[in-house]
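Taking it in order: structure first as structure tokens, then the write-up.
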Amino acid sequence: MEVAMCASGHIRSFLWPGVASSWKQAAASFPGARLDLRRDGFFVGHFGNFSRFQTSPILLDTYVRDSFGGDKNLAFKHALNLTRLPLRYLLTNERDGKCEDLRAAWKADGLVTRKCRDDPSFLQVMWMDHCFRQAEKYKYALIVRIRPDVALLQPIKWAFDTRKWNFMPKADSGNVDWFFVIPTTSLKSTWANVVHLYFTRVARWDLMLPDYNLINAKDTIHFKRVDQPIAIVRRDMVLGCRWIAMSVYRSDCVAKEKSKYFMTEH
């Protein structure tokens with residue numbers, strides 16, 4: 001089975017060697033995968049300075065300075081190598097991935113009539129869509145959506161339904177938008193409907209939040225819950241454990257946060 005791992009978003013803590021190297025656990029777990037033969041990496045990343053959550057960059061900046069002379073591009077190249085995922089597509093933006101960058105990506109995709117909005121939720125979904133469009137050019141059964149600042153706590157559990165959008169609920173409310181798995185057969189139907197809605201919901205900010213509007217958990221025909229051991233990693237090694245619904249994964253997350261597990265390669 002062919003699988004594309006499609007990363008999009010701000011690069012941030014992806015530079016930590018433990019975050020990038022944790023992605024090997026996904027590659028190694030691809031059904032029938034042999035790392036030296038698979039070519040399934042797609043990466044759309046923004047450097048910029050944007051951070052919705054005000055976390056201290058000191059730890060990460062110190063690592064980049066001490067290990068790469070402060071060169072974030074060298075640090076990024078090293079991180080990509082640690083994933084062991086050969087790339088089929090790579091796009092990096094020096095800025096924050098706002099409308100100017102998105103319009104350039106749309107132009108490359110032949111989507112010259114689209115209208116951009118400098119809304120974080122809108123931009124997030126449109127960059128996902130851009131990445132998916134690159135993967136769609138090849139023959140994949142599934143596309144794994146992952147944000148660059150997401151780490152795998154353990155190997156992925158490959159119990160995905162190839163006919164449905166596989167998702168995880170958040171522990172509090174809503175659903176995880178930083179990691180899900182979607183069949184390529186859904187790109188022109190379920191996913192296309194999502195993209196259409198993001199162009200039409202201009203006046204309703206509450207209908208723009210991806211973690212509340214991408215997934216319809218009640219629609220069991222098109223969506224299926226499949227929990228996975230993943231966590232957001234902030235630049236200061238604070239992990240998003242509180243959003244993990246499964247207690248066993250949440251406990252593992254808490255332990256790895258205390259030990260600053262993702263600061264080093266594994």
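Ligands are numbered from 1 in the order shown, chains are lettered A, B, ... in the order of the structure tokens, and residues start at 1 in each chain.
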
Identify, on the basis of only C-alpha atoms, every residue whose closest approach to Ser13 of chain A does not exceed 10 Å; exclude the query and any residue fewer than 6 positions from it along the same chain; express the result as a PDB file with N, CA, C and O atoms, in the first residue's frame.
```
ATOM      1  N   VAL A  19      12.042  15.352  17.489  1.00  0.00           N
ATOM      2  CA  VAL A  19      10.775  15.480  16.758  1.00  0.00           C
ATOM      3  C   VAL A  19      10.925  14.878  15.369  1.00  0.00           C
ATOM      4  O   VAL A  19      10.149  14.013  14.945  1.00  0.00           O
ATOM      5  N   ALA A  20      11.929  15.351  14.637  1.00  0.00           N
ATOM      6  CA  ALA A  20      12.133  14.861  13.267  1.00  0.00           C
ATOM      7  C   ALA A  20      12.401  13.359  13.235  1.00  0.00           C
ATOM      8  O   ALA A  20      11.836  12.632  12.412  1.00  0.00           O
ATOM      9  N   PRO A  57      11.589  30.715  22.726  1.00  0.00           N
ATOM     10  CA  PRO A  57      12.404  30.061  21.708  1.00  0.00           C
ATOM     11  C   PRO A  57      13.836  29.816  22.157  1.00  0.00           C
ATOM     12  O   PRO A  57      14.651  29.329  21.387  1.00  0.00           O
ATOM     13  N   LEU A  60      15.411  26.203  21.732  1.00  0.00           N
ATOM     14  CA  LEU A  60      15.597  25.829  20.336  1.00  0.00           C
ATOM     15  C   LEU A  60      16.635  26.711  19.659  1.00  0.00           C
ATOM     16  O   LEU A  60      17.483  26.225  18.901  1.00  0.00           O
ATOM     17  N   PRO A 148       4.355  20.094  11.096  1.00  0.00           N
ATOM     18  CA  PRO A 148       5.788  19.936  11.361  1.00  0.00           C
ATOM     19  C   PRO A 148       6.156  19.861  12.833  1.00  0.00           C
ATOM     20  O   PRO A 148       7.163  19.241  13.183  1.00  0.00           O
ATOM     21  N   ASP A 149       5.373  20.492  13.719  1.00  0.00           N
ATOM     22  CA  ASP A 149       5.721  20.475  15.142  1.00  0.00           C
ATOM     23  C   ASP A 149       5.033  19.349  15.905  1.00  0.00           C
ATOM     24  O   ASP A 149       4.865  19.419  17.114  1.00  0.00           O
ATOM     25  N   VAL A 150       4.687  18.287  15.197  1.00  0.00           N
ATOM     26  CA  VAL A 150       4.069  17.107  15.811  1.00  0.00           C
ATOM     27  C   VAL A 150       5.082  15.973  15.859  1.00  0.00           C
ATOM     28  O   VAL A 150       5.777  15.699  14.878  1.00  0.00           O
ATOM     29  N   ALA A 151       5.167  15.314  17.003  1.00  0.00           N
ATOM     30  CA  ALA A 151       6.070  14.184  17.186  1.00  0.00           C
ATOM     31  C   ALA A 151       5.272  12.910  17.435  1.00  0.00           C
ATOM     32  O   ALA A 151       4.152  12.955  17.961  1.00  0.00           O
ATOM     33  N   ILE A 232       1.773  17.450  19.956  1.00  0.00           N
ATOM     34  CA  ILE A 232       2.414  18.697  19.539  1.00  0.00           C
ATOM     35  C   ILE A 232       3.597  18.962  20.468  1.00  0.00           C
ATOM     36  O   ILE A 232       3.515  18.740  21.678  1.00  0.00           O
ATOM     37  N   VAL A 233       4.701  19.448  19.902  1.00  0.00           N
ATOM     38  CA  VAL A 233       5.893  19.796  20.685  1.00  0.00           C
ATOM     39  C   VAL A 233       6.181  21.283  20.466  1.00  0.00           C
ATOM     40  O   VAL A 233       6.378  21.724  19.334  1.00  0.00           O
ATOM     41  N   ARG A 234       6.205  22.045  21.539  1.00  0.00           N
ATOM     42  CA  ARG A 234       6.519  23.462  21.449  1.00  0.00           C
ATOM     43  C   ARG A 234       8.041  23.660  21.461  1.00  0.00           C
ATOM     44  O   ARG A 234       8.799  22.760  21.814  1.00  0.00           O
ATOM     45  N   ARG A 235       8.461  24.862  21.115  1.00  0.00           N
ATOM     46  CA  ARG A 235       9.898  25.141  21.026  1.00  0.00           C
ATOM     47  C   ARG A 235      10.598  25.006  22.362  1.00  0.00           C
ATOM     48  O   ARG A 235      11.795  24.723  22.425  1.00  0.00           O
ATOM     49  N   ASP A 236       9.866  25.194  23.464  1.00  0.00           N
ATOM     50  CA  ASP A 236      10.488  25.107  24.784  1.00  0.00           C
ATOM     51  C   ASP A 236      10.261  23.737  25.434  1.00  0.00           C
ATOM     52  O   ASP A 236      10.367  23.602  26.651  1.00  0.00           O
ATOM     53  N   MET A 237       9.943  22.737  24.607  1.00  0.00           N
ATOM     54  CA  MET A 237       9.754  21.359  25.062  1.00  0.00           C
ATOM     55  C   MET A 237       8.491  21.155  25.892  1.00  0.00           C
ATOM     56  O   MET A 237       8.360  20.174  26.611  1.00  0.00           O
ATOM     57  N   PHE A 262      12.296  14.839  23.411  1.00  0.00           N
ATOM     58  CA  PHE A 262      12.422  15.171  21.981  1.00  0.00           C
ATOM     59  C   PHE A 262      13.546  16.165  21.690  1.00  0.00           C
ATOM     60  O   PHE A 262      13.687  16.604  20.552  1.00  0.00           O
ATOM     61  N   MET A 263      14.370  16.476  22.672  1.00  0.00           N
ATOM     62  CA  MET A 263      15.533  17.320  22.418  1.00  0.00           C
ATOM     63  C   MET A 263      16.641  16.557  21.718  1.00  0.00           C
ATOM     64  O   MET A 263      17.524  17.153  21.091  1.00  0.00           O
TER      65      MET A 263
END
```

Can you tell me, as a compact mmCIF listing (two decimals) with all heavy atoms, in the first residue's frame, what residues are no more than 9 Å from segment 166-174 of chain A when counting only C-alpha atoms, ignoring any on the same chain fewer than 6 positions away?
```txt
# COMPACT_ATOMS: atom_id res chain seq x y z
N PHE A 160 -5.76 1.85 9.91
CA PHE A 160 -6.56 2.84 9.21
C PHE A 160 -7.52 2.20 8.23
O PHE A 160 -7.23 1.17 7.63
CB PHE A 160 -5.65 3.82 8.45
CG PHE A 160 -4.75 4.62 9.34
CD1 PHE A 160 -3.38 4.48 9.27
CD2 PHE A 160 -5.28 5.52 10.25
CE1 PHE A 160 -2.54 5.21 10.09
CE2 PHE A 160 -4.45 6.27 11.07
CZ PHE A 160 -3.08 6.11 10.99
N PHE A 180 -4.17 13.57 10.89
CA PHE A 180 -5.26 12.68 10.49
C PHE A 180 -4.83 11.96 9.22
O PHE A 180 -3.80 12.29 8.62
CB PHE A 180 -6.59 13.43 10.31
CG PHE A 180 -6.57 14.57 9.33
CD1 PHE A 180 -6.59 14.35 7.94
CD2 PHE A 180 -6.57 15.89 9.78
CE1 PHE A 180 -6.59 15.40 7.05
CE2 PHE A 180 -6.59 16.96 8.88
CZ PHE A 180 -6.59 16.71 7.51
N VAL A 181 -5.60 10.98 8.83
CA VAL A 181 -5.28 10.17 7.65
C VAL A 181 -6.51 10.12 6.76
O VAL A 181 -7.60 9.76 7.22
CB VAL A 181 -4.83 8.76 8.03
CG1 VAL A 181 -4.56 7.92 6.78
CG2 VAL A 181 -3.58 8.81 8.90
N ILE A 182 -6.33 10.47 5.50
CA ILE A 182 -7.46 10.56 4.58
C ILE A 182 -7.15 9.75 3.31
O ILE A 182 -6.03 9.80 2.80
CB ILE A 182 -7.76 12.04 4.24
CG1 ILE A 182 -9.02 12.17 3.40
CG2 ILE A 182 -6.58 12.70 3.56
CD1 ILE A 182 -9.49 13.60 3.23
N PRO A 183 -8.09 8.97 2.83
CA PRO A 183 -7.86 8.26 1.56
C PRO A 183 -7.86 9.23 0.40
O PRO A 183 -8.62 10.21 0.39
CB PRO A 183 -9.05 7.28 1.48
CG PRO A 183 -10.11 7.90 2.33
CD PRO A 183 -9.41 8.64 3.42
N PRO A 210 -10.32 24.85 12.42
CA PRO A 210 -10.18 23.51 11.86
C PRO A 210 -10.51 22.39 12.84
O PRO A 210 -11.05 21.34 12.44
CB PRO A 210 -8.69 23.46 11.45
CG PRO A 210 -8.33 24.88 11.21
CD PRO A 210 -9.10 25.65 12.25
N ASP A 211 -10.17 22.56 14.11
CA ASP A 211 -10.41 21.48 15.07
C ASP A 211 -11.88 21.30 15.40
O ASP A 211 -12.25 20.34 16.09
CB ASP A 211 -9.58 21.68 16.35
CG ASP A 211 -9.68 23.08 16.92
OD1 ASP A 211 -10.16 23.98 16.22
OD2 ASP A 211 -9.27 23.28 18.08
N TYR A 212 -12.74 22.19 14.91
CA TYR A 212 -14.18 22.05 15.15
C TYR A 212 -14.99 21.92 13.85
O TYR A 212 -16.19 21.65 13.92
CB TYR A 212 -14.71 23.25 15.94
CG TYR A 212 -14.25 23.23 17.38
CD1 TYR A 212 -13.09 23.91 17.77
CD2 TYR A 212 -14.94 22.50 18.35
CE1 TYR A 212 -12.65 23.86 19.09
CE2 TYR A 212 -14.51 22.46 19.66
CZ TYR A 212 -13.36 23.14 20.02
OH TYR A 212 -12.92 23.09 21.33
N ASN A 213 -14.34 22.08 12.72
CA ASN A 213 -15.12 22.13 11.49
C ASN A 213 -14.62 21.22 10.36
O ASN A 213 -15.34 21.05 9.37
CB ASN A 213 -15.18 23.57 10.98
CG ASN A 213 -15.95 24.47 11.93
OD1 ASN A 213 -17.17 24.42 12.00
ND2 ASN A 213 -15.22 25.30 12.68
N ILE A 215 -13.96 17.92 10.62
CA ILE A 215 -14.39 16.54 10.79
C ILE A 215 -15.79 16.46 11.37
O ILE A 215 -16.12 17.17 12.33
CB ILE A 215 -13.39 15.80 11.71
CG1 ILE A 215 -12.03 15.67 11.01
CG2 ILE A 215 -13.92 14.44 12.14
CD1 ILE A 215 -10.87 15.49 11.94
N ALA A 217 -17.65 13.89 13.24
CA ALA A 217 -17.51 12.60 13.92
C ALA A 217 -18.80 11.78 13.91
O ALA A 217 -18.76 10.55 14.06
CB ALA A 217 -17.06 12.83 15.36
N HIS A 222 -18.32 8.32 6.45
CA HIS A 222 -17.12 8.93 5.86
C HIS A 222 -15.97 9.13 6.85
O HIS A 222 -14.85 9.41 6.42
CB HIS A 222 -17.48 10.28 5.24
CG HIS A 222 -18.49 10.19 4.15
ND1 HIS A 222 -19.82 10.50 4.33
CD2 HIS A 222 -18.38 9.78 2.85
CE1 HIS A 222 -20.49 10.31 3.20
NE2 HIS A 222 -19.64 9.88 2.29
N PHE A 223 -16.25 9.02 8.14
CA PHE A 223 -15.21 9.28 9.15
C PHE A 223 -15.11 8.10 10.13
O PHE A 223 -16.12 7.46 10.45
CB PHE A 223 -15.54 10.55 9.93
CG PHE A 223 -15.54 11.80 9.10
CD1 PHE A 223 -16.69 12.20 8.43
CD2 PHE A 223 -14.40 12.56 8.96
CE1 PHE A 223 -16.71 13.35 7.65
CE2 PHE A 223 -14.40 13.71 8.20
CZ PHE A 223 -15.56 14.11 7.53
N LYS A 224 -13.89 7.85 10.61
CA LYS A 224 -13.67 6.78 11.58
C LYS A 224 -12.64 7.22 12.61
O LYS A 224 -11.59 7.76 12.26
CB LYS A 224 -13.17 5.51 10.87
CG LYS A 224 -12.90 4.35 11.81
CD LYS A 224 -12.40 3.12 11.05
CE LYS A 224 -12.11 1.96 12.00
NZ LYS A 224 -11.63 0.78 11.25
N ARG A 225 -12.92 6.98 13.87
CA ARG A 225 -11.98 7.31 14.93
C ARG A 225 -10.89 6.25 15.01
O ARG A 225 -11.16 5.06 15.13
CB ARG A 225 -12.69 7.41 16.29
CG ARG A 225 -11.73 7.62 17.44
CD ARG A 225 -12.46 7.81 18.76
NE ARG A 225 -11.51 7.90 19.87
CZ ARG A 225 -11.84 8.20 21.12
NH1 ARG A 225 -13.11 8.46 21.43
NH2 ARG A 225 -10.90 8.27 22.07
N VAL A 226 -9.63 6.71 14.93
CA VAL A 226 -8.46 5.84 15.10
C VAL A 226 -7.44 6.62 15.91
O VAL A 226 -6.73 7.47 15.37
CB VAL A 226 -7.86 5.40 13.75
CG1 VAL A 226 -6.66 4.48 13.98
CG2 VAL A 226 -8.90 4.70 12.88
N ASP A 227 -7.35 6.36 17.20
CA ASP A 227 -6.41 7.10 18.07
C ASP A 227 -4.97 6.72 17.76
O ASP A 227 -4.66 5.55 17.48
CB ASP A 227 -6.73 6.81 19.53
CG ASP A 227 -8.03 7.45 19.96
OD1 ASP A 227 -8.00 8.61 20.39
OD2 ASP A 227 -9.10 6.78 19.86
N GLN A 228 -4.08 7.72 17.85
CA GLN A 228 -2.68 7.51 17.55
C GLN A 228 -1.80 8.19 18.61
O GLN A 228 -2.20 9.20 19.19
CB GLN A 228 -2.34 8.06 16.17
CG GLN A 228 -3.02 7.35 15.02
CD GLN A 228 -2.53 5.93 14.82
OE1 GLN A 228 -1.52 5.53 15.38
NE2 GLN A 228 -3.26 5.15 14.03
N ARG A 242 -2.35 17.64 27.04
CA ARG A 242 -3.71 17.83 27.54
C ARG A 242 -4.77 17.59 26.47
O ARG A 242 -5.95 17.43 26.78
CB ARG A 242 -3.87 19.24 28.10
CG ARG A 242 -3.68 20.37 27.11
CD ARG A 242 -3.62 21.72 27.82
NE ARG A 242 -3.39 22.84 26.93
CZ ARG A 242 -4.33 23.59 26.40
NH1 ARG A 242 -5.60 23.31 26.67
NH2 ARG A 242 -4.04 24.60 25.62
N TRP A 243 -4.36 17.56 25.20
CA TRP A 243 -5.34 17.33 24.13
C TRP A 243 -5.47 15.85 23.76
O TRP A 243 -6.31 15.49 22.94
CB TRP A 243 -4.95 18.12 22.88
CG TRP A 243 -5.07 19.60 23.07
CD1 TRP A 243 -6.18 20.30 23.47
CD2 TRP A 243 -4.03 20.57 22.89
NE1 TRP A 243 -5.90 21.64 23.55
CE2 TRP A 243 -4.59 21.84 23.19
CE3 TRP A 243 -2.70 20.51 22.50
CZ2 TRP A 243 -3.86 23.02 23.12
CZ3 TRP A 243 -1.97 21.67 22.41
CH2 TRP A 243 -2.54 22.91 22.72
N ILE A 244 -4.63 15.00 24.34
CA ILE A 244 -4.64 13.59 23.98
C ILE A 244 -5.77 12.88 24.71
O ILE A 244 -5.82 12.87 25.94
CB ILE A 244 -3.28 12.94 24.31
CG1 ILE A 244 -2.17 13.63 23.51
CG2 ILE A 244 -3.31 11.45 23.99
CD1 ILE A 244 -0.78 13.14 23.84
N ALA A 245 -6.65 12.24 23.98
CA ALA A 245 -7.85 11.63 24.56
C ALA A 245 -7.55 10.31 25.27
O ALA A 245 -8.12 10.03 26.33
CB ALA A 245 -8.90 11.42 23.47
N MET A 246 -6.68 9.48 24.70
CA MET A 246 -6.40 8.17 25.30
C MET A 246 -5.43 8.32 26.47
O MET A 246 -4.33 8.86 26.31
CB MET A 246 -5.83 7.20 24.26
CG MET A 246 -6.87 6.67 23.29
SD MET A 246 -6.25 5.27 22.31
CE MET A 246 -6.09 4.01 23.58
```

Taking the DSSP secondary structure from the backbone, can you list the residues of segment 78-199 of chain A that are strand (DSSP E or B), as a ChimeraX atom specification?
/A:87-93,142-146,150-152,165-167,169-170,175,179-183

Shortest interatomic distance to Val44 of chain A - which of A:Met128, A:Val112, A:Leu80, A:Cys99, counting only C-alpha atoms:
A:Met128

Which residues are close to Phe68 of chain A, i.e. within 12 Å by only C-alpha atoms, leaving aside same-chain residues fewer than 5 positions away? Reply as a count of residues only.
12

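Across the model, the gap from atom CA of Gly45 of chain A to atom CA of Asn93 of chain A is 6.3 Å.
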
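You will find atom CA of Lys24 of chain A at 8.4 Å from atom CA of Pro155 of chain A.
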
Using only C-alpha atoms, which of the listed residues (A:Leu187, A:Leu90, A:Cys116, A:Val125) sits closest to Leu142 of chain A?
A:Leu187
